[in-house]
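Shown here: final_39.cif, mmCIF, C-alpha atoms and all ligand atoms.
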```
data_protein
loop_
_atom_site.group_PDB
_atom_site.id
_atom_site.type_symbol
_atom_site.label_atom_id
_atom_site.label_comp_id
_atom_site.auth_asym_id
_atom_site.auth_seq_id
_atom_site.Cartn_x
_atom_site.Cartn_y
_atom_site.Cartn_z
ATOM 1 C CA MET A 1 -15.656 25.238 124.552
ATOM 2 C CA LYS A 2 -17.534 22.735 122.371
ATOM 3 C CA HIS A 3 -20.827 22.501 124.256
ATOM 4 C CA LEU A 4 -22.616 24.152 127.161
ATOM 5 C CA LEU A 5 -23.906 21.158 129.067
ATOM 6 C CA SER A 6 -23.651 22.417 132.646
ATOM 7 C CA ILE A 7 -21.945 24.945 134.901
ATOM 8 C CA GLU A 8 -20.099 21.969 136.374
ATOM 9 C CA SER A 9 -18.365 21.333 133.053
ATOM 10 C CA LEU A 10 -17.131 24.938 132.694
ATOM 11 C CA SER A 11 -13.947 26.357 134.178
ATOM 12 C CA GLY A 12 -13.909 29.661 136.037
ATOM 13 C CA ASP A 13 -12.066 31.217 133.094
ATOM 14 C CA GLU A 14 -14.675 30.006 130.611
ATOM 15 C CA ILE A 15 -17.442 31.516 132.729
ATOM 16 C CA ARG A 16 -15.585 34.828 133.030
ATOM 17 C CA THR A 17 -15.005 34.918 129.238
ATOM 18 C CA ILE A 18 -18.715 34.397 128.547
ATOM 19 C CA ILE A 19 -19.682 37.193 130.930
ATOM 20 C CA ASP A 20 -17.046 39.557 129.475
ATOM 21 C CA ASP A 21 -18.314 38.795 125.957
ATOM 22 C CA ALA A 22 -21.920 39.249 127.047
ATOM 23 C CA VAL A 23 -21.118 42.742 128.310
ATOM 24 C CA VAL A 24 -19.771 43.670 124.847
ATOM 25 C CA LEU A 25 -22.650 42.009 122.966
ATOM 26 C CA LYS A 26 -25.143 43.852 125.153
ATOM 27 C CA ARG A 27 -23.455 47.191 124.511
ATOM 28 C CA GLU A 28 -23.244 46.527 120.769
ATOM 29 C CA ARG A 29 -26.735 45.123 120.281
ATOM 30 C CA GLY A 30 -28.086 46.217 116.902
ATOM 31 C CA HIS A 31 -24.657 46.937 115.426
ATOM 32 C CA HIS A 32 -22.567 43.782 115.887
ATOM 33 C CA SER A 33 -19.258 43.846 114.043
ATOM 34 C CA SER A 34 -19.557 40.155 113.068
ATOM 35 C CA GLN A 35 -22.271 37.567 112.485
ATOM 36 C CA PRO A 36 -20.717 34.385 113.860
ATOM 37 C CA LEU A 37 -23.787 32.232 113.066
ATOM 38 C CA ASP A 38 -24.025 33.422 109.457
ATOM 39 C CA GLY A 39 -25.418 30.629 107.259
ATOM 40 C CA GLN A 40 -26.129 28.352 110.225
ATOM 41 C CA CYS A 41 -29.359 26.678 111.251
ATOM 42 C CA TRP A 42 -29.875 25.729 114.909
ATOM 43 C CA ALA A 43 -32.623 23.570 116.407
ATOM 44 C CA MET A 44 -34.367 24.127 119.709
ATOM 45 C CA ILE A 45 -35.751 20.856 121.031
ATOM 46 C CA PHE A 46 -38.012 21.463 124.028
ATOM 47 C CA THR A 47 -39.803 18.862 126.141
ATOM 48 C CA LYS A 48 -40.805 21.417 128.796
ATOM 49 C CA SER A 49 -42.536 24.822 128.649
ATOM 50 C CA SER A 50 -40.561 28.039 128.279
ATOM 51 C CA THR A 51 -41.016 31.756 127.795
ATOM 52 C CA ARG A 52 -37.632 33.382 128.492
ATOM 53 C CA THR A 53 -35.361 30.656 127.196
ATOM 54 C CA ARG A 54 -37.297 30.155 124.002
ATOM 55 C CA VAL A 55 -37.660 33.836 123.151
ATOM 56 C CA SER A 56 -34.081 34.774 124.076
ATOM 57 C CA PHE A 57 -32.557 31.978 122.008
ATOM 58 C CA GLU A 58 -34.835 32.570 119.017
ATOM 59 C CA VAL A 59 -33.900 36.252 119.046
ATOM 60 C CA GLY A 60 -30.236 35.626 119.909
ATOM 61 C CA VAL A 61 -29.548 33.132 117.113
ATOM 62 C CA ARG A 62 -31.125 35.496 114.579
ATOM 63 C CA GLU A 63 -29.207 38.514 115.861
ATOM 64 C CA LEU A 64 -25.964 36.592 115.313
ATOM 65 C CA GLY A 65 -26.879 35.849 111.699
ATOM 66 C CA GLY A 66 -28.304 32.333 112.062
ATOM 67 C CA SER A 67 -31.736 30.827 111.660
ATOM 68 C CA VAL A 68 -33.540 28.726 114.211
ATOM 69 C CA MET A 69 -36.105 25.940 114.193
ATOM 70 C CA PHE A 70 -38.286 25.340 117.264
ATOM 71 C CA LEU A 71 -39.200 21.689 117.751
ATOM 72 C CA SER A 72 -41.552 20.667 120.508
ATOM 73 C CA ALA A 73 -40.447 17.169 121.502
ATOM 74 C CA ASN A 74 -44.039 15.978 121.148
ATOM 75 C CA ASP A 75 -44.131 17.018 117.501
ATOM 76 C CA ILE A 76 -41.098 15.005 116.491
ATOM 77 C CA GLN A 77 -40.540 11.253 116.648
ATOM 78 C CA LEU A 78 -38.615 11.695 119.923
ATOM 79 C CA GLY A 79 -42.009 12.076 121.582
ATOM 80 C CA ARG A 80 -43.060 8.663 120.170
ATOM 81 C CA GLY A 81 -39.997 6.925 121.521
ATOM 82 C CA GLU A 82 -37.266 7.411 118.923
ATOM 83 C CA PRO A 83 -34.025 7.225 120.931
ATOM 84 C CA ILE A 84 -32.145 10.430 121.609
ATOM 85 C CA LYS A 85 -28.992 9.008 120.045
ATOM 86 C CA ASP A 86 -30.788 8.373 116.743
ATOM 87 C CA THR A 87 -32.407 11.814 116.808
ATOM 88 C CA ALA A 88 -28.968 13.283 117.470
ATOM 89 C CA ARG A 89 -27.300 11.409 114.612
ATOM 90 C CA VAL A 90 -29.952 12.613 112.157
ATOM 91 C CA MET A 91 -29.875 16.216 113.318
ATOM 92 C CA GLY A 92 -26.094 16.321 113.503
ATOM 93 C CA ARG A 93 -25.962 15.752 109.748
ATOM 94 C CA MET A 94 -28.250 18.682 108.942
ATOM 95 C CA LEU A 95 -27.957 21.309 111.640
ATOM 96 C CA HIS A 96 -25.153 23.440 113.050
ATOM 97 C CA GLY A 97 -26.156 23.392 116.695
ATOM 98 C CA ALA A 98 -28.882 22.373 119.129
ATOM 99 C CA ILE A 99 -30.476 23.914 122.202
ATOM 100 C CA ILE A 100 -32.258 21.352 124.356
ATOM 101 C CA ARG A 101 -34.677 21.646 127.295
ATOM 102 C CA THR A 102 -35.670 18.358 128.835
ATOM 103 C CA TYR A 103 -35.742 16.239 132.009
ATOM 104 C CA ALA A 104 -32.668 13.997 132.075
ATOM 105 C CA GLN A 105 -29.205 15.559 131.968
ATOM 106 C CA GLN A 106 -28.000 12.358 130.311
ATOM 107 C CA ASP A 107 -30.204 13.064 127.275
ATOM 108 C CA VAL A 108 -28.440 16.385 126.643
ATOM 109 C CA GLU A 109 -25.038 14.747 127.167
ATOM 110 C CA ASP A 110 -25.985 11.923 124.784
ATOM 111 C CA PHE A 111 -27.257 14.376 122.181
ATOM 112 C CA ALA A 112 -23.940 16.232 122.302
ATOM 113 C CA GLU A 113 -21.973 13.014 121.954
ATOM 114 C CA PHE A 114 -23.984 11.450 119.134
ATOM 115 C CA SER A 115 -24.753 14.578 117.105
ATOM 116 C CA GLY A 116 -21.243 16.014 117.135
ATOM 117 C CA ILE A 117 -22.685 19.538 116.853
ATOM 118 C CA PRO A 118 -22.501 22.252 119.542
ATOM 119 C CA THR A 119 -25.189 21.466 122.103
ATOM 120 C CA ILE A 120 -26.618 23.774 124.761
ATOM 121 C CA ASN A 121 -28.454 22.700 127.894
ATOM 122 C CA ALA A 122 -31.485 24.985 128.060
ATOM 123 C CA LEU A 123 -32.558 23.383 131.392
ATOM 124 C CA THR A 124 -32.604 19.845 132.690
ATOM 125 C CA ASP A 125 -33.614 18.473 136.080
ATOM 126 C CA ASP A 126 -29.942 18.768 137.109
ATOM 127 C CA GLU A 127 -28.820 22.154 135.821
ATOM 128 C CA HIS A 128 -29.861 25.437 134.233
ATOM 129 C CA PRO A 129 -26.512 26.867 133.099
ATOM 130 C CA CYS A 130 -27.912 29.574 130.783
ATOM 131 C CA GLN A 131 -29.845 31.103 133.664
ATOM 132 C CA ILE A 132 -26.779 31.222 135.907
ATOM 133 C CA LEU A 133 -24.750 33.004 133.221
ATOM 134 C CA ALA A 134 -27.448 35.677 132.894
ATOM 135 C CA ASP A 135 -27.600 35.975 136.688
ATOM 136 C CA LEU A 136 -23.835 36.462 136.936
ATOM 137 C CA LEU A 137 -24.015 39.197 134.300
ATOM 138 C CA THR A 138 -26.765 40.894 136.314
ATOM 139 C CA ILE A 139 -24.787 40.597 139.538
ATOM 140 C CA ARG A 140 -21.806 42.194 137.836
ATOM 141 C CA GLU A 141 -23.955 45.042 136.517
ATOM 142 C CA ARG A 142 -25.838 45.605 139.765
ATOM 143 C CA ILE A 143 -23.227 45.101 142.494
ATOM 144 C CA GLY A 144 -19.954 45.121 140.577
ATOM 145 C CA GLY A 145 -19.270 41.370 140.539
ATOM 146 C CA TRP A 146 -19.393 38.241 142.665
ATOM 147 C CA GLU A 147 -15.907 38.356 144.160
ATOM 148 C CA GLY A 148 -16.152 38.379 147.946
ATOM 149 C CA LYS A 149 -19.945 38.370 147.774
ATOM 150 C CA ARG A 150 -22.412 36.086 149.510
ATOM 151 C CA VAL A 151 -25.322 34.642 147.515
ATOM 152 C CA ALA A 152 -28.224 33.121 149.443
ATOM 153 C CA PHE A 153 -30.554 30.694 147.685
ATOM 154 C CA PHE A 154 -33.938 30.044 149.327
ATOM 155 C CA GLY A 155 -36.456 27.288 148.682
ATOM 156 C CA ASP A 156 -35.974 24.089 146.725
ATOM 157 C CA GLY A 157 -32.206 23.887 147.106
ATOM 158 C CA ALA A 158 -32.042 20.498 145.430
ATOM 159 C CA CYS A 159 -33.532 21.723 142.151
ATOM 160 C CA ASN A 160 -31.594 22.562 138.994
ATOM 161 C CA MET A 161 -31.081 26.183 140.095
ATOM 162 C CA GLY A 162 -29.681 25.267 143.512
ATOM 163 C CA ARG A 163 -27.281 22.795 141.939
ATOM 164 C CA SER A 164 -26.131 25.181 139.207
ATOM 165 C CA TRP A 165 -25.562 27.909 141.812
ATOM 166 C CA ALA A 166 -23.412 25.523 143.817
ATOM 167 C CA TRP A 167 -21.241 24.807 140.779
ATOM 168 C CA ALA A 168 -20.983 28.516 139.983
ATOM 169 C CA ALA A 169 -19.795 29.205 143.548
ATOM 170 C CA ALA A 170 -17.285 26.374 143.254
ATOM 171 C CA ARG A 171 -15.923 27.570 139.929
ATOM 172 C CA LEU A 172 -15.790 31.281 140.788
ATOM 173 C CA GLY A 173 -14.947 31.144 144.488
ATOM 174 C CA PHE A 174 -17.805 33.191 145.930
ATOM 175 C CA GLU A 175 -19.859 32.164 148.942
ATOM 176 C CA LEU A 176 -23.194 30.390 148.486
ATOM 177 C CA VAL A 177 -25.569 29.481 151.284
ATOM 178 C CA VAL A 178 -28.590 27.334 150.504
ATOM 179 C CA ALA A 179 -31.557 27.664 152.855
ATOM 180 C CA ALA A 180 -33.968 24.757 152.522
ATOM 181 C CA PRO A 181 -35.854 22.287 154.701
ATOM 182 C CA GLU A 182 -35.011 18.618 154.988
ATOM 183 C CA GLY A 183 -35.805 16.777 151.799
ATOM 184 C CA TYR A 184 -35.318 19.869 149.606
ATOM 185 C CA GLN A 185 -31.691 20.575 150.418
ATOM 186 C CA LEU A 186 -28.576 19.767 148.352
ATOM 187 C CA ASP A 187 -27.765 16.230 149.473
ATOM 188 C CA ASP A 188 -24.472 15.030 150.964
ATOM 189 C CA GLU A 189 -23.472 13.123 147.854
ATOM 190 C CA PHE A 190 -23.826 16.250 145.729
ATOM 191 C CA VAL A 191 -22.010 18.500 148.208
ATOM 192 C CA ASN A 192 -19.197 15.948 148.508
ATOM 193 C CA SER A 193 -18.806 16.023 144.729
ATOM 194 C CA LEU A 194 -17.941 19.749 144.832
ATOM 195 C CA PRO A 195 -14.274 20.741 145.071
ATOM 196 C CA SER A 196 -13.184 20.735 148.718
ATOM 197 C CA ASP A 197 -12.484 24.489 148.671
ATOM 198 C CA ALA A 198 -16.004 25.397 147.451
ATOM 199 C CA LYS A 199 -17.630 27.879 149.832
ATOM 200 C CA VAL A 200 -21.039 26.208 149.743
ATOM 201 C CA THR A 201 -22.948 25.856 152.998
ATOM 202 C CA ARG A 202 -26.421 24.626 153.900
ATOM 203 C CA THR A 203 -28.877 25.745 156.530
ATOM 204 C CA ASP A 204 -32.478 25.052 157.486
ATOM 205 C CA LYS A 205 -32.913 28.589 158.854
ATOM 206 C CA ALA A 206 -33.827 31.230 156.293
ATOM 207 C CA GLU A 207 -32.743 34.088 158.601
ATOM 208 C CA GLU A 208 -29.280 32.594 158.972
ATOM 209 C CA ALA A 209 -28.884 32.622 155.186
ATOM 210 C CA ALA A 210 -30.217 36.148 154.711
ATOM 211 C CA GLU A 211 -27.932 37.691 157.321
ATOM 212 C CA GLY A 212 -24.981 39.361 155.593
ATOM 213 C CA SER A 213 -25.975 38.295 152.064
ATOM 214 C CA ASP A 214 -25.542 40.410 148.929
ATOM 215 C CA VAL A 215 -27.958 38.484 146.684
ATOM 216 C CA LEU A 216 -31.241 36.939 147.815
ATOM 217 C CA TYR A 217 -32.189 34.385 145.175
ATOM 218 C CA THR A 218 -35.263 32.257 144.789
ATOM 219 C CA ASP A 219 -37.010 30.035 142.269
ATOM 220 C CA THR A 220 -40.387 28.344 142.045
ATOM 221 C CA TRP A 221 -41.043 25.737 144.723
ATOM 222 C CA VAL A 222 -42.578 23.468 142.076
ATOM 223 C CA SER A 223 -40.168 22.795 139.251
ATOM 224 C CA MET A 224 -41.432 21.442 135.955
ATOM 225 C CA GLY A 225 -42.140 17.754 136.381
ATOM 226 C CA ARG A 226 -42.960 18.114 140.117
ATOM 227 C CA GLU A 227 -46.517 19.391 139.696
ATOM 228 C CA ASP A 228 -48.048 16.458 141.581
ATOM 229 C CA GLU A 229 -46.053 17.485 144.693
ATOM 230 C CA GLN A 230 -47.367 21.064 144.663
ATOM 231 C CA ALA A 231 -49.471 20.857 147.850
ATOM 232 C CA GLN A 232 -46.773 19.321 150.047
ATOM 233 C CA ARG A 233 -44.091 21.633 148.656
ATOM 234 C CA ARG A 234 -46.139 24.724 149.439
ATOM 235 C CA VAL A 235 -46.337 23.652 153.076
ATOM 236 C CA ALA A 236 -42.721 22.501 153.489
ATOM 237 C CA LEU A 237 -41.131 25.481 151.751
ATOM 238 C CA GLN A 238 -43.293 28.239 153.238
ATOM 239 C CA PRO A 239 -40.692 29.203 155.908
ATOM 240 C CA PHE A 240 -38.236 29.869 153.076
ATOM 241 C CA GLN A 241 -40.292 32.520 151.301
ATOM 242 C CA VAL A 242 -38.194 35.522 150.251
ATOM 243 C CA ASN A 243 -39.924 38.488 151.863
ATOM 244 C CA GLU A 244 -39.431 41.927 153.371
ATOM 245 C CA LYS A 245 -38.310 40.487 156.710
ATOM 246 C CA LEU A 246 -35.419 38.563 155.125
ATOM 247 C CA MET A 247 -34.511 41.557 152.980
ATOM 248 C CA LYS A 248 -33.965 43.660 156.106
ATOM 249 C CA MET A 249 -31.354 41.163 157.296
ATOM 250 C CA ALA A 250 -29.325 41.274 154.067
ATOM 251 C CA ASN A 251 -26.375 43.584 153.481
ATOM 252 C CA GLU A 252 -26.944 47.182 152.496
ATOM 253 C CA GLY A 253 -27.299 47.342 148.683
ATOM 254 C CA ALA A 254 -28.310 43.663 148.447
ATOM 255 C CA ILE A 255 -30.333 42.661 145.411
ATOM 256 C CA VAL A 256 -33.223 40.255 144.935
ATOM 257 C CA GLN A 257 -33.056 37.873 142.002
ATOM 258 C CA HIS A 258 -35.607 35.399 140.658
ATOM 259 C CA CYS A 259 -35.086 33.289 137.554
ATOM 260 C CA LEU A 260 -38.857 33.506 136.833
ATOM 261 C CA PRO A 261 -41.593 32.505 136.342
ATOM 262 C CA ALA A 262 -42.589 33.796 139.802
ATOM 263 C CA TYR A 263 -45.464 32.558 141.930
ATOM 264 C CA ARG A 264 -46.361 35.497 144.131
ATOM 265 C CA GLU A 265 -46.998 34.928 147.820
ATOM 266 C CA TYR A 266 -45.335 31.527 147.572
ATOM 267 C CA GLU A 267 -41.544 31.713 147.009
ATOM 268 C CA ILE A 268 -41.600 35.543 146.996
ATOM 269 C CA THR A 269 -44.035 38.188 148.201
ATOM 270 C CA GLU A 270 -45.766 40.423 145.685
ATOM 271 C CA GLY A 271 -44.317 43.486 147.444
ATOM 272 C CA LEU A 272 -40.712 42.315 147.346
ATOM 273 C CA LEU A 273 -40.975 41.212 143.732
ATOM 274 C CA GLU A 274 -42.474 44.497 142.598
ATOM 275 C CA SER A 275 -40.036 46.646 144.577
ATOM 276 C CA ASN A 276 -37.161 44.713 142.926
ATOM 277 C CA ALA A 277 -38.754 44.345 139.494
ATOM 278 C CA GLU A 278 -36.096 46.413 137.758
ATOM 279 C CA ALA A 279 -33.295 44.033 138.825
ATOM 280 C CA ILE A 280 -35.407 40.928 138.226
ATOM 281 C CA PHE A 281 -36.458 41.869 134.693
ATOM 282 C CA GLN A 282 -32.934 43.066 133.904
ATOM 283 C CA GLN A 283 -31.938 39.524 134.866
ATOM 284 C CA ALA A 284 -34.536 38.167 132.417
ATOM 285 C CA GLU A 285 -33.261 40.441 129.634
ATOM 286 C CA ASN A 286 -29.713 39.298 130.320
ATOM 287 C CA ARG A 287 -30.673 35.805 129.170
ATOM 288 C CA LEU A 288 -30.439 37.200 125.640
ATOM 289 C CA HIS A 289 -27.007 38.773 126.043
ATOM 290 C CA ALA A 290 -25.433 35.911 127.996
ATOM 291 C CA GLN A 291 -26.719 33.281 125.564
ATOM 292 C CA LYS A 292 -25.479 35.238 122.558
ATOM 293 C CA ALA A 293 -22.063 35.124 124.216
ATOM 294 C CA VAL A 294 -22.421 31.357 124.650
ATOM 295 C CA LEU A 295 -23.412 30.905 120.994
ATOM 296 C CA ALA A 296 -20.515 33.068 119.775
ATOM 297 C CA ASN A 297 -18.047 31.111 121.919
ATOM 298 C CA LEU A 298 -19.351 27.759 120.693
ATOM 299 C CA VAL A 299 -18.781 28.594 117.034
ATOM 300 C CA LYS A 300 -15.377 30.208 117.565
ATOM 301 C CA ARG A 301 -12.720 28.469 115.501
HETATM 302 N N1 LIG B 401 -36.058 31.241 133.685
HETATM 303 C C1 LIG B 401 -36.431 30.497 132.626
HETATM 304 O O1 LIG B 401 -35.699 29.616 132.159
HETATM 305 O O2 LIG B 401 -37.644 30.827 132.135
HETATM 306 P P1 LIG B 401 -38.483 30.001 131.050
HETATM 307 O O3 LIG B 401 -38.873 28.707 131.714
HETATM 308 O O4 LIG B 401 -39.657 30.876 130.736
HETATM 309 O O5 LIG B 401 -37.633 29.751 129.857
HETATM 310 N N1 LIG B 402 -36.488 25.107 138.791
HETATM 311 C C1 LIG B 402 -37.367 25.593 137.764
HETATM 312 C C2 LIG B 402 -36.683 26.598 136.901
HETATM 313 C C3 LIG B 402 -37.593 27.273 135.907
HETATM 314 C C4 LIG B 402 -36.869 28.233 135.025
HETATM 315 C C5 LIG B 402 -37.860 24.433 136.932
HETATM 316 O O1 LIG B 402 -37.077 23.513 136.643
HETATM 317 O O2 LIG B 402 -39.046 24.417 136.573
#
```

The structure in this file should be written as structure tokens.
Ligand code: CP
Ligand code: NVA
Amino acid sequence: MKHLLSIESLSGDEIRTIIDDAVVLKRERGHHSSQPLDGQCWAMIFTKSSTRTRVSFEVGVRELGGSVMFLSANDIQLGRGEPIKDTARVMGRMLHGAIIRTYAQQDVEDFAEFSGIPTINALTDDEHPCQILADLLTIRERIGGWEGKRVAFFGDGACNMGRSWAWAAARLGFELVVAAPEGYQLDDEFVNSLPSDAKVTRTDKAEEAAEGSDVLYTDTWVSMGREDEQAQRRVALQPFQVNEKLMKMANEGAIVQHCLPAYREYEITEGLLESNAEAIFQQAENRLHAQKAVLANLVKR
């Protein structure tokens, strides 16, 4: 594995290796037997806001022996129009790796190509692979794994999280159902691009998705960059709120997951979030462990 650009670009085996390694890194936190990033300096180039991703990578790089430099895109020449391929060619000559959060997936792909250094997608409009890896680790810890399980995603199915979940289901063979209204659902072109044996289905009825599910998953209705659509999204997505009623329809032992940040009483009720806070904040903590596994795999020789 040279980069982590998307879940789409990973194989099932690569995903399973990262999760296996994350389990070990989590157990051995504070007394790692090796420091795979020793002597390395990584950059974090962020065009969008972040709490979890920024903190977990800053801590994770340091815990693996490396140092890290946070660069807000607005503070570097990228924000004044310097092309990504020039930025990449400069940074590739000085740094050992880059972690990028931005809008266009193509920018992360171009950075990887032109820099030649390991590049991690820390969220684009298309995918959020680091979040999915942490979620899979949490699902393994909480319900023993994803094999034979049914994950239900509610809300803006067409956003980065919905798309990354679809690729995870395709690569790992579990069932994913996406509950979203028209205009916010995975589109036909995307679904047709998945392998034909992917167990990914779509519905416009939240109850239909909740029934028999093992994981109820949601995300903000207003992804970064969509702020001007907030009012219309809050109306259109309201029937897809994850709440106590849907929870009752899920399988016994089902868990609630939210990638956070959460907007209470919109995509999830305050009550359901708080009664599942342990699993949801475990999921947030797992960003650290899963990403350390990604970093360690990227520098493996
Ligand atoms: N879930 C997630 O990526 O959170 P941040 O936007 O805070 O990094
Ligand atoms: N879909 C959300 C995820 C936030 C972690 C966004 O892109 O803003």

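Proximity to A:Ser115 was assessed for A:Thr87, A:Ser67, A:Ser49, A:Ser11 counting only C-alpha atoms; the smallest distance is recorded for A:Thr87.
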
Which chains and residue numbers are within 7 Å of ligand LIG 401 (chain B), counting all atoms listed in the file, if I want them as a PyMOL selection string? chain A and resi 49-54+131+259-261

Residues of chain A that have any atom at most 6 Å from an atom of ligand LIG 402 (chain B): could you tabulate them with the shortest-distance atom pair and the distance in Å to one decimal, using all atoms listed in the file, ordered by chain and increasing number, as CSV?
```
residue,atom,partner,partner_atom,distance
A:Cys159,CA,B:LIG402,N1,5.6
A:Asn160,CA,B:LIG402,N1,5.5
A:Met161,CA,B:LIG402,N1,5.7
A:Thr220,CA,B:LIG402,C1,5.9
A:Ser223,CA,B:LIG402,O2,3.3
A:Met224,CA,B:LIG402,O2,3.9
A:Cys259,CA,B:LIG402,C4,5.9
A:Leu260,CA,B:LIG402,C4,5.9
```

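Interatomic distance, atom CA of A:Arg62 to atom CA of A:Arg89: 24.4 Å.
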
Among A:Asp214, A:Asp156, A:Asp107, A:Asp13, A:Phe174 is approached most closely, using all atoms listed in the file, by A:Asp214

Atom pair atom CA of A:Lys205 + atom CA of A:Ala180, distance 7.5 Å

| said: the PyMOL selection byres (((chain A and resi 35) around 10) and not hetatm) - which residues does that actually catch in the file I just gave you? List them as a list in words. | reply: His32, Ser33, Ser34, Pro36, Leu37, Asp38, Gly39, Val61, Arg62, Glu63, Leu64, Gly65, Gly66 and Ala296 of chain A

Which residues come within 10 Å of A:Ala168, counting all atoms listed in the file, excluding same-chain residues fewer than 4 positions away, as a PyMOL selection string? chain A and resi 6-8+10-12+15+129+132-133+136+162-164+172-176+198

* To do: Calculate how many Å separate atom CA of A:Ile120 from atom CA of A:His289, rounding to one decimal.
  =>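 Between atom CA of A:Ile120 and atom CA of A:His289 the gap works out to 15.1 Å.
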
task: Tell me, as a VMD selection string, which residues lie within 7 Å of A:Val215, counting all atoms listed in the file; anything in the same chain fewer than 5 positions away does not count.
output: chain A and resid 150 to 152 254 to 257

Applied to the shown file, which residues does the PyMOL selection byres (((chain A and resi 21) around 9) and not hetatm) return, written as a ChimeraX atom specification?
/A:16-20,22-26,289-290,292-294,296-297

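With distances taken over all atoms listed in the file, A:Ile117 is the one residue among A:Ile117, A:Asp228, A:Phe190, A:Ala134 lying closest to A:Leu298.
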
Report, as AutoDock Vina command-line options, the axis-aligned box around all atoms of stretch 39-49 of chain A present in the file, extended by 6 Å on each side; give centre and edge lengths in Å to one decimal place.
```
--center_x -34.0 --center_y 24.7 --center_z 118.0 --size_x 29.1 --size_y 23.8 --size_z 33.5
```
